[in-house]
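*Asks:* Quick one, run.txt (compact mmCIF, C-alpha atoms (C1' of nucleotides)):
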```
# COMPACT_ATOMS: atom_id res chain seq x y z
CA MET A 17 0.00 0.00 0.00
CA LEU A 18 1.25 3.45 -0.89
CA ASP A 19 1.74 6.01 1.83
CA HIS A 20 -0.70 8.81 0.91
CA SER A 21 -3.09 7.88 3.65
CA THR A 22 -5.81 10.49 3.47
CA ASP A 23 -9.10 11.16 5.18
CA LEU A 24 -10.73 9.69 2.11
CA ASP A 25 -8.90 6.40 2.66
CA ASN A 26 -10.20 6.12 6.19
CA ILE A 27 -13.74 7.13 5.31
CA PHE A 28 -14.01 4.65 2.45
CA GLN A 29 -12.37 1.98 4.57
CA ALA A 30 -14.80 2.65 7.42
CA LEU A 31 -17.84 2.48 5.15
CA ALA A 32 -16.66 -0.65 3.35
CA ASP A 33 -17.79 -2.69 6.34
CA PRO A 34 -21.52 -3.48 6.34
CA THR A 35 -21.73 -3.39 10.14
CA ARG A 36 -20.25 0.09 10.26
CA ARG A 37 -22.48 1.26 7.44
CA ALA A 38 -25.44 -0.09 9.38
CA ILE A 39 -24.31 1.90 12.41
CA VAL A 40 -24.08 5.09 10.37
CA GLU A 41 -27.53 4.40 8.94
CA GLN A 42 -28.99 3.83 12.40
CA LEU A 43 -27.44 7.01 13.76
CA GLY A 44 -28.91 8.84 10.79
CA ILE A 45 -32.28 8.29 12.45
CA GLY A 46 -31.07 9.63 15.77
CA PRO A 47 -28.46 9.33 18.56
CA LYS A 48 -27.97 5.97 20.25
CA SER A 49 -25.96 4.46 23.06
CA VAL A 50 -23.36 1.79 22.29
CA SER A 51 -25.63 -0.90 23.74
CA GLU A 52 -28.55 0.27 21.63
CA ILE A 53 -26.34 0.13 18.55
CA ALA A 54 -25.16 -3.35 19.56
CA ALA A 55 -28.63 -4.79 20.26
CA PRO A 56 -29.60 -5.79 16.69
CA LEU A 57 -26.07 -6.77 15.71
CA ASP A 58 -24.92 -10.36 15.89
CA MET A 59 -21.62 -9.81 17.69
CA THR A 60 -20.23 -9.01 21.11
CA LEU A 61 -20.44 -5.56 22.64
CA ALA A 62 -16.64 -5.41 22.57
CA ALA A 63 -16.69 -5.79 18.79
CA VAL A 64 -19.26 -3.02 18.45
CA VAL A 65 -17.14 -0.75 20.65
CA GLN A 66 -14.25 -1.27 18.24
CA HIS A 67 -16.42 -0.31 15.26
CA VAL A 68 -17.66 2.76 17.13
CA GLN A 69 -14.10 3.80 17.97
CA LEU A 70 -13.05 3.44 14.34
CA LEU A 71 -16.02 5.52 13.17
CA GLU A 72 -15.16 8.17 15.73
CA ASN A 73 -11.48 8.18 14.74
CA CYS A 74 -12.34 8.93 11.13
CA GLN A 75 -14.89 11.54 12.25
CA LEU A 76 -17.95 9.87 10.80
CA ILE A 77 -19.54 10.00 14.25
CA THR A 78 -19.01 11.84 17.52
CA THR A 79 -19.60 10.40 20.96
CA GLN A 80 -19.91 11.66 24.49
CA LYS A 81 -20.12 9.78 27.71
CA GLN A 82 -22.37 10.76 30.57
CA GLY A 83 -22.39 8.45 33.50
CA ARG A 84 -21.81 4.99 32.19
CA VAL A 85 -23.57 5.59 28.86
CA ARG A 86 -21.78 6.68 25.71
CA THR A 87 -24.08 8.39 23.25
CA CYS A 88 -23.17 8.32 19.56
CA ARG A 89 -24.32 10.71 16.84
CA ILE A 90 -23.44 11.03 13.16
CA LYS A 91 -21.23 13.93 12.11
CA PRO A 92 -22.72 14.77 8.71
CA GLU A 93 -19.99 17.16 7.57
CA THR A 94 -17.53 14.30 7.21
CA LEU A 95 -19.65 12.70 4.53
CA LYS A 96 -19.14 15.91 2.56
CA THR A 97 -15.55 14.82 1.96
CA LEU A 98 -16.99 11.80 0.21
CA GLU A 99 -19.51 13.90 -1.65
CA GLY A 100 -16.71 16.18 -2.79
CA TRP A 101 -14.72 13.34 -4.28
CA LEU A 102 -17.79 11.94 -5.96
CA ASN A 103 -18.71 15.33 -7.43
CA GLN A 104 -15.20 15.69 -8.82
CA ARG A 105 -15.54 12.32 -10.50
CA ARG A 106 -18.94 13.19 -11.93
CA ARG A 107 -17.69 16.47 -13.32
CA GLN A 108 -14.77 14.59 -14.80
CA TRP A 109 -16.78 12.00 -16.67
CA GLU A 110 -19.53 14.39 -17.65
CA GLN A 111 -16.83 16.45 -19.33
CA HIS A 112 -15.48 13.25 -20.83
CA PHE A 113 -18.90 12.40 -22.23
CA ASP A 114 -19.40 15.92 -23.47
CA ARG A 115 -16.20 15.57 -25.43
CA LEU A 116 -17.26 12.19 -26.71
CA ALA A 117 -20.70 13.52 -27.60
CA ALA A 118 -19.07 16.46 -29.35
CA VAL A 119 -17.05 14.09 -31.50
CA LEU A 120 -20.06 11.94 -32.25
CA ASP A 121 -22.19 15.00 -33.00
CA GLU A 122 -19.78 16.18 -35.64
CA PRO A 123 -21.46 15.24 -38.93
CA SER A 124 -20.41 18.50 -40.56
CA PRO A 125 -17.83 21.21 -39.70
CA LYS A 126 -20.38 23.48 -38.09
CA ARG A 127 -20.17 22.97 -34.29
CA LYS A 128 -17.51 24.30 -31.91
CA LYS A 129 -14.31 26.04 -32.84
CA PRO A 130 -12.98 24.90 -36.20
CA MET B 28 -18.36 -10.05 9.34
CA LEU B 29 -22.07 -10.28 8.67
CA ASP B 30 -23.32 -11.86 5.48
CA HIS B 31 -25.12 -9.01 3.67
CA SER B 32 -22.36 -8.61 1.16
CA THR B 33 -23.69 -6.02 -1.24
CA ASP B 34 -22.48 -4.07 -4.23
CA LEU B 35 -21.96 -1.20 -1.85
CA ASP B 36 -19.49 -3.27 0.19
CA ASN B 37 -17.40 -3.99 -2.84
CA ILE B 38 -17.51 -0.45 -4.18
CA PHE B 39 -16.47 1.09 -0.85
CA GLN B 40 -13.82 -1.59 -0.39
CA ALA B 41 -12.47 -0.94 -3.88
CA LEU B 42 -12.29 2.81 -3.36
CA ALA B 43 -10.73 2.50 0.10
CA ASP B 44 -7.40 1.80 -1.57
CA PRO B 45 -5.54 4.93 -2.71
CA THR B 46 -4.00 3.15 -5.69
CA ARG B 47 -7.40 2.06 -6.95
CA ARG B 48 -8.85 5.51 -6.36
CA ALA B 49 -5.95 6.94 -8.36
CA ILE B 50 -6.76 4.53 -11.19
CA VAL B 51 -10.41 5.61 -11.20
CA GLU B 52 -9.31 9.24 -11.20
CA GLN B 53 -6.95 8.64 -14.13
CA LEU B 54 -9.60 6.84 -16.12
CA GLY B 55 -11.91 9.75 -15.44
CA ILE B 56 -9.70 11.72 -17.82
CA GLY B 57 -9.87 9.04 -20.48
CA PRO B 58 -9.29 5.37 -21.35
CA LYS B 59 -5.89 3.85 -20.69
CA SER B 60 -4.10 0.57 -21.17
CA VAL B 61 -2.95 -1.43 -18.15
CA SER B 62 0.66 -0.42 -18.81
CA GLU B 63 -0.27 3.23 -19.03
CA ILE B 64 -2.10 2.94 -15.73
CA ALA B 65 0.91 1.20 -14.20
CA ALA B 66 3.53 3.67 -15.46
CA PRO B 67 3.23 6.30 -12.67
CA LEU B 68 2.56 3.75 -9.94
CA ASP B 69 5.36 2.44 -7.75
CA MET B 70 4.58 -1.26 -8.00
CA THR B 71 4.86 -4.19 -10.37
CA LEU B 72 2.60 -4.57 -13.39
CA ALA B 73 1.24 -7.76 -11.84
CA ALA B 74 0.02 -5.78 -8.83
CA VAL B 75 -1.68 -3.23 -11.07
CA VAL B 76 -3.39 -6.02 -13.01
CA GLN B 77 -4.84 -7.28 -9.74
CA HIS B 78 -6.20 -3.82 -8.90
CA VAL B 79 -7.67 -3.52 -12.39
CA GLN B 80 -9.34 -6.92 -12.09
CA LEU B 81 -10.86 -5.97 -8.74
CA LEU B 82 -12.17 -2.69 -10.17
CA GLU B 83 -13.66 -4.57 -13.10
CA ASN B 84 -15.24 -7.19 -10.83
CA CYS B 85 -17.10 -4.55 -8.87
CA GLN B 86 -18.08 -2.77 -12.11
CA LEU B 87 -16.27 0.48 -11.43
CA ILE B 88 -14.46 0.05 -14.75
CA THR B 89 -14.87 -1.96 -17.92
CA THR B 90 -12.05 -3.36 -20.01
CA GLN B 91 -11.61 -4.84 -23.43
CA LYS B 92 -8.63 -6.47 -24.98
CA GLN B 93 -7.61 -6.01 -28.57
CA GLY B 94 -4.43 -7.70 -29.55
CA ARG B 95 -2.18 -7.75 -26.53
CA VAL B 96 -3.46 -4.47 -25.11
CA ARG B 97 -6.23 -4.25 -22.55
CA THR B 98 -7.96 -0.88 -22.54
CA CYS B 99 -9.71 0.27 -19.38
CA ARG B 100 -12.48 2.84 -19.03
CA ILE B 101 -14.57 4.01 -16.09
CA LYS B 102 -18.16 2.88 -15.85
CA PRO B 103 -19.80 5.98 -14.36
CA GLU B 104 -23.17 4.42 -13.61
CA THR B 105 -21.64 2.30 -10.84
CA LEU B 106 -20.70 5.39 -8.90
CA LYS B 107 -24.41 6.19 -8.87
CA THR B 108 -24.87 3.37 -6.37
CA LEU B 109 -22.56 5.28 -4.09
CA GLU B 110 -24.31 8.55 -4.81
CA GLY B 111 -27.63 6.90 -3.99
CA TRP B 112 -26.45 5.77 -0.59
CA LEU B 113 -24.97 9.17 0.14
CA ASN B 114 -28.18 10.94 -0.89
CA GLN B 115 -30.19 8.69 1.41
CA ARG B 116 -27.87 9.60 4.28
CA ARG B 117 -28.15 13.29 3.52
CA ARG B 118 -31.91 13.17 3.40
CA GLN B 119 -31.86 11.29 6.68
CA TRP B 120 -29.75 13.77 8.61
CA GLU B 121 -31.35 16.80 7.04
CA GLN B 122 -34.62 15.51 8.37
CA HIS B 123 -32.92 14.87 11.71
CA PHE B 124 -31.70 18.46 11.81
CA ASP B 125 -35.11 19.75 10.85
CA ARG B 126 -36.53 17.96 13.86
CA LEU B 127 -33.75 19.30 16.05
CA ALA B 128 -34.33 22.81 14.71
CA ALA B 129 -38.03 22.43 15.44
CA VAL B 130 -37.24 21.62 19.06
CA LEU B 131 -34.80 24.51 19.37
CA ASP B 132 -37.29 26.88 17.76
CA GLU B 133 -39.73 26.28 20.56
CA PRO B 134 -41.22 29.74 21.26
CA SER B 135 -41.31 29.66 25.06
CA PRO B 136 -38.05 30.46 26.89
CA LYS B 137 -38.99 27.72 29.34
CA ARG B 138 -37.33 24.49 28.22
CA LYS B 139 -39.39 22.10 30.36
CA LYS B 140 -42.53 20.21 29.62
CA PRO B 141 -45.72 22.04 30.68
C1' DG C 29 11.60 -16.30 -37.42
C1' DC C 30 12.72 -13.98 -33.29
C1' DA C 31 12.91 -10.75 -29.77
C1' DA C 32 10.54 -7.37 -27.36
C1' DT C 33 6.03 -6.05 -25.53
C1' DA C 34 1.76 -6.57 -22.91
C1' DC C 35 -0.24 -8.82 -20.13
C1' DT C 36 -1.72 -13.21 -17.02
C1' DA C 37 -1.73 -16.80 -13.63
C1' DA C 38 -0.11 -18.99 -9.48
C1' DA C 39 2.14 -19.23 -5.29
C1' DG C 40 4.21 -17.13 -1.30
C1' DT C 41 4.48 -13.49 2.41
C1' DA C 42 3.94 -9.65 5.67
C1' DT C 43 0.46 -6.87 7.46
C1' DT C 44 -4.18 -5.59 8.52
C1' DT C 45 -8.89 -6.60 9.74
C1' DG C 46 -12.85 -8.26 12.25
C1' DC C 47 -13.81 -10.63 15.34
C1' DT C 48 -13.42 -13.42 20.12
C1' DT C 49 -12.56 -14.19 25.19
C1' DG C 50 -11.56 -12.75 29.74
C1' DA C 51 -10.51 -9.54 33.13
C1' DC C 52 -11.40 -5.00 34.73
C1' DT C 53 -13.57 -0.17 35.97
C1' DA C 54 -17.20 2.93 36.73
C1' DT C 55 -22.01 4.06 37.54
C1' DC C 56 -26.77 3.39 38.63
C1' DG C 57 -30.79 1.71 41.17
C1' DA C 58 -33.00 -0.63 44.95
C1' DT D 16 -24.12 -1.50 50.09
C1' DC D 17 -24.48 -4.67 46.68
C1' DG D 18 -25.38 -6.44 42.41
C1' DA D 19 -26.59 -5.51 37.79
C1' DT D 20 -25.55 -2.59 33.87
C1' DA D 21 -22.50 -0.11 30.43
C1' DG D 22 -18.53 0.16 28.64
C1' DT D 23 -13.21 -0.57 28.20
C1' DC D 24 -8.69 -2.86 27.56
C1' DA D 25 -5.59 -6.28 26.04
C1' DA D 26 -4.46 -10.66 23.88
C1' DG D 27 -5.05 -13.75 20.55
C1' DC D 28 -6.59 -15.73 16.16
C1' DA D 29 -8.36 -16.85 11.45
C1' DA D 30 -9.19 -14.75 7.22
C1' DA D 31 -8.48 -11.14 3.98
C1' DT D 32 -5.44 -7.77 1.68
C1' DA D 33 -1.71 -5.82 -0.95
C1' DC D 34 1.80 -6.79 -2.51
C1' DT D 35 6.03 -9.79 -4.44
C1' DT D 36 8.48 -13.21 -7.52
C1' DT D 37 8.50 -16.55 -11.00
C1' DA D 38 6.98 -18.57 -14.97
C1' DG D 39 4.24 -18.50 -18.36
C1' DT D 40 1.12 -17.05 -23.17
C1' DA D 41 -0.28 -14.31 -26.94
C1' DT D 42 0.87 -10.30 -30.11
C1' DT D 43 3.56 -7.11 -32.63
C1' DG D 44 7.41 -5.14 -35.27
C1' DC D 45 11.50 -5.85 -37.71
```
Can you give me the file's structure in the form of structure tokens?
*Replies:*
Amino acid sequence: MLDHSTDLDNIFQALADPTRRAIVEQLGIGPKSVSEIAAPLDMTLAAVVQHVQLLENCQLITTQKQGRVRTCRIKPETLKTLEGWLNQRRRQWEQHFDRLAAVLDEPSPKRKKP
Amino acid sequence: MLDHSTDLDNIFQALADPTRRAIVEQLGIGPKSVSEIAAPLDMTLAAVVQHVQLLENCQLITTQKQGRVRTCRIKPETLKTLEGWLNQRRRQWEQHFDRLAAVLDEPSPKRKKP
DNA sequence: GCAATACTAAAGTATTTGCTTGACTATCGA
DNA sequence: TCGATAGTCAAGCAAATACTTTAGTATTGC
């Protein structure tokens, strides 16, 4: 693996796991404690804690502990990083298709700059 | 790992690797052969071939071989799967914030239940 | 024909990942 | 105060990942 470890790496890596994506989806509905997140998942609480920590490390969620309960919430702005990359790609291939379309649309020397 | 292995899993997994993201970005500019893709990358051709195969398997790119040259192009529609998920998330947390805003916009300065 | 080119396939390896178990701490509620 | 609850920490482990090397097979150009 090359060394340009970016935010994007960590975000994609985090969301590549179905369990973690499920957590993000659940927190999209509203905040939850670690136990509440764990309840429907078929794994130990310890495993869920590790997923939660990873999601917090890459800023996809924030957490705060009061008493013995840690409450988790999504941090929507981090998904904007993803959206940004995706928008770049879309712009790129839309441009690519425009160019392709331009070539295909060229039945006579009439369009664009000659 | 749970068993709901989806397209989304594979797409996120594919894009979690910086090398593969770089390939997708390069192909966004235009089609390239495997060797052309490999040229700027600091790894063997064999390694690049493996990345290309993975990207093709999860439909992020298409390839076709003519003669001894395999030409690779992005397949933009696959990124729509990603966009779809992201849009769902955005809708979700926008709604969440609307609800939050509604609570905060409560007219009375008293914050307790009547 | 023959060598260089452009991959491809298989096997091996170091590291990372996604869990588990077990022991431990802190807090709440009766 | 005492036990149940909520989470944390550290090892350990099997499987997956991102490479490598080696040994091929088709094509192409001269």
*Asks:* Counting all atoms listed in the file, which residues of chain A come no farther than 10 Å from chain C, as a VMD selection string?
*Replies:* chain A and resid 33 59 to 60 62 to 64 66 to 67 82 to 85
*Asks:* What gap, in Å, lies between atom CA of Glu99 of chain A and atom CA of Gly111 of chain B?
*Replies:*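 Value for the atom CA of Glu99 of chain A-atom CA of Gly111 of chain B distance: 11.0 Å.
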*Asks:* Measuring between only C-alpha atoms (C1' of nucleotides), which one of A:Leu57, A:Leu43, A:Leu31, A:Val65 shows the shortest distance to chain D?
*Replies:* A:Val65
*Asks:* Using all atoms listed in the file, can you tell me which of D:DC34, D:DG39, D:DG44, D:DC24 comes closest to chain B?
*Replies:* D:DC34
*Asks:* Show which residues sit within 9 Å of Val51 of chain B, as a PyMOL selection string. Count all atoms listed in the file, and ignore same-chain residues fewer than 5 positions away.
*Replies:* (chain A and resi 105) or (chain B and resi 42+46+82+87-88+100-101)
*Asks:* Near chain A, which residues of chain B fall within 8 Å when you count all atoms listed in the file, and what do they look like as a PDB file with C-alpha atoms, keeping the file's coordinate frame?
*Replies:*
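File produced: result_37.pdb:
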```pdb
ATOM      1  CA  MET B  28     -18.360 -10.050   9.340  1.00  0.00           C
ATOM      2  CA  LEU B  29     -22.070 -10.280   8.670  1.00  0.00           C
ATOM      3  CA  HIS B  31     -25.120  -9.010   3.670  1.00  0.00           C
ATOM      4  CA  SER B  32     -22.360  -8.610   1.160  1.00  0.00           C
ATOM      5  CA  LEU B  35     -21.960  -1.200  -1.850  1.00  0.00           C
ATOM      6  CA  ASP B  36     -19.490  -3.270   0.190  1.00  0.00           C
ATOM      7  CA  ASN B  37     -17.400  -3.990  -2.840  1.00  0.00           C
ATOM      8  CA  ILE B  38     -17.510  -0.450  -4.180  1.00  0.00           C
ATOM      9  CA  PHE B  39     -16.470   1.090  -0.850  1.00  0.00           C
ATOM     10  CA  GLN B  40     -13.820  -1.590  -0.390  1.00  0.00           C
ATOM     11  CA  LEU B  42     -12.290   2.810  -3.360  1.00  0.00           C
ATOM     12  CA  ALA B  43     -10.730   2.500   0.100  1.00  0.00           C
ATOM     13  CA  ASP B  44      -7.400   1.800  -1.570  1.00  0.00           C
ATOM     14  CA  PRO B  45      -5.540   4.930  -2.710  1.00  0.00           C
ATOM     15  CA  THR B  46      -4.000   3.150  -5.690  1.00  0.00           C
ATOM     16  CA  GLU B  52      -9.310   9.240 -11.200  1.00  0.00           C
ATOM     17  CA  GLY B  55     -11.910   9.750 -15.440  1.00  0.00           C
ATOM     18  CA  ILE B  56      -9.700  11.720 -17.820  1.00  0.00           C
ATOM     19  CA  GLY B  57      -9.870   9.040 -20.480  1.00  0.00           C
ATOM     20  CA  PRO B 103     -19.800   5.980 -14.360  1.00  0.00           C
ATOM     21  CA  LEU B 106     -20.700   5.390  -8.900  1.00  0.00           C
ATOM     22  CA  GLU B 110     -24.310   8.550  -4.810  1.00  0.00           C
ATOM     23  CA  LEU B 113     -24.970   9.170   0.140  1.00  0.00           C
ATOM     24  CA  ARG B 116     -27.870   9.600   4.280  1.00  0.00           C
ATOM     25  CA  ARG B 117     -28.150  13.290   3.520  1.00  0.00           C
ATOM     26  CA  GLN B 119     -31.860  11.290   6.680  1.00  0.00           C
ATOM     27  CA  TRP B 120     -29.750  13.770   8.610  1.00  0.00           C
ATOM     28  CA  HIS B 123     -32.920  14.870  11.710  1.00  0.00           C
TER      29      HIS B 123
END
```
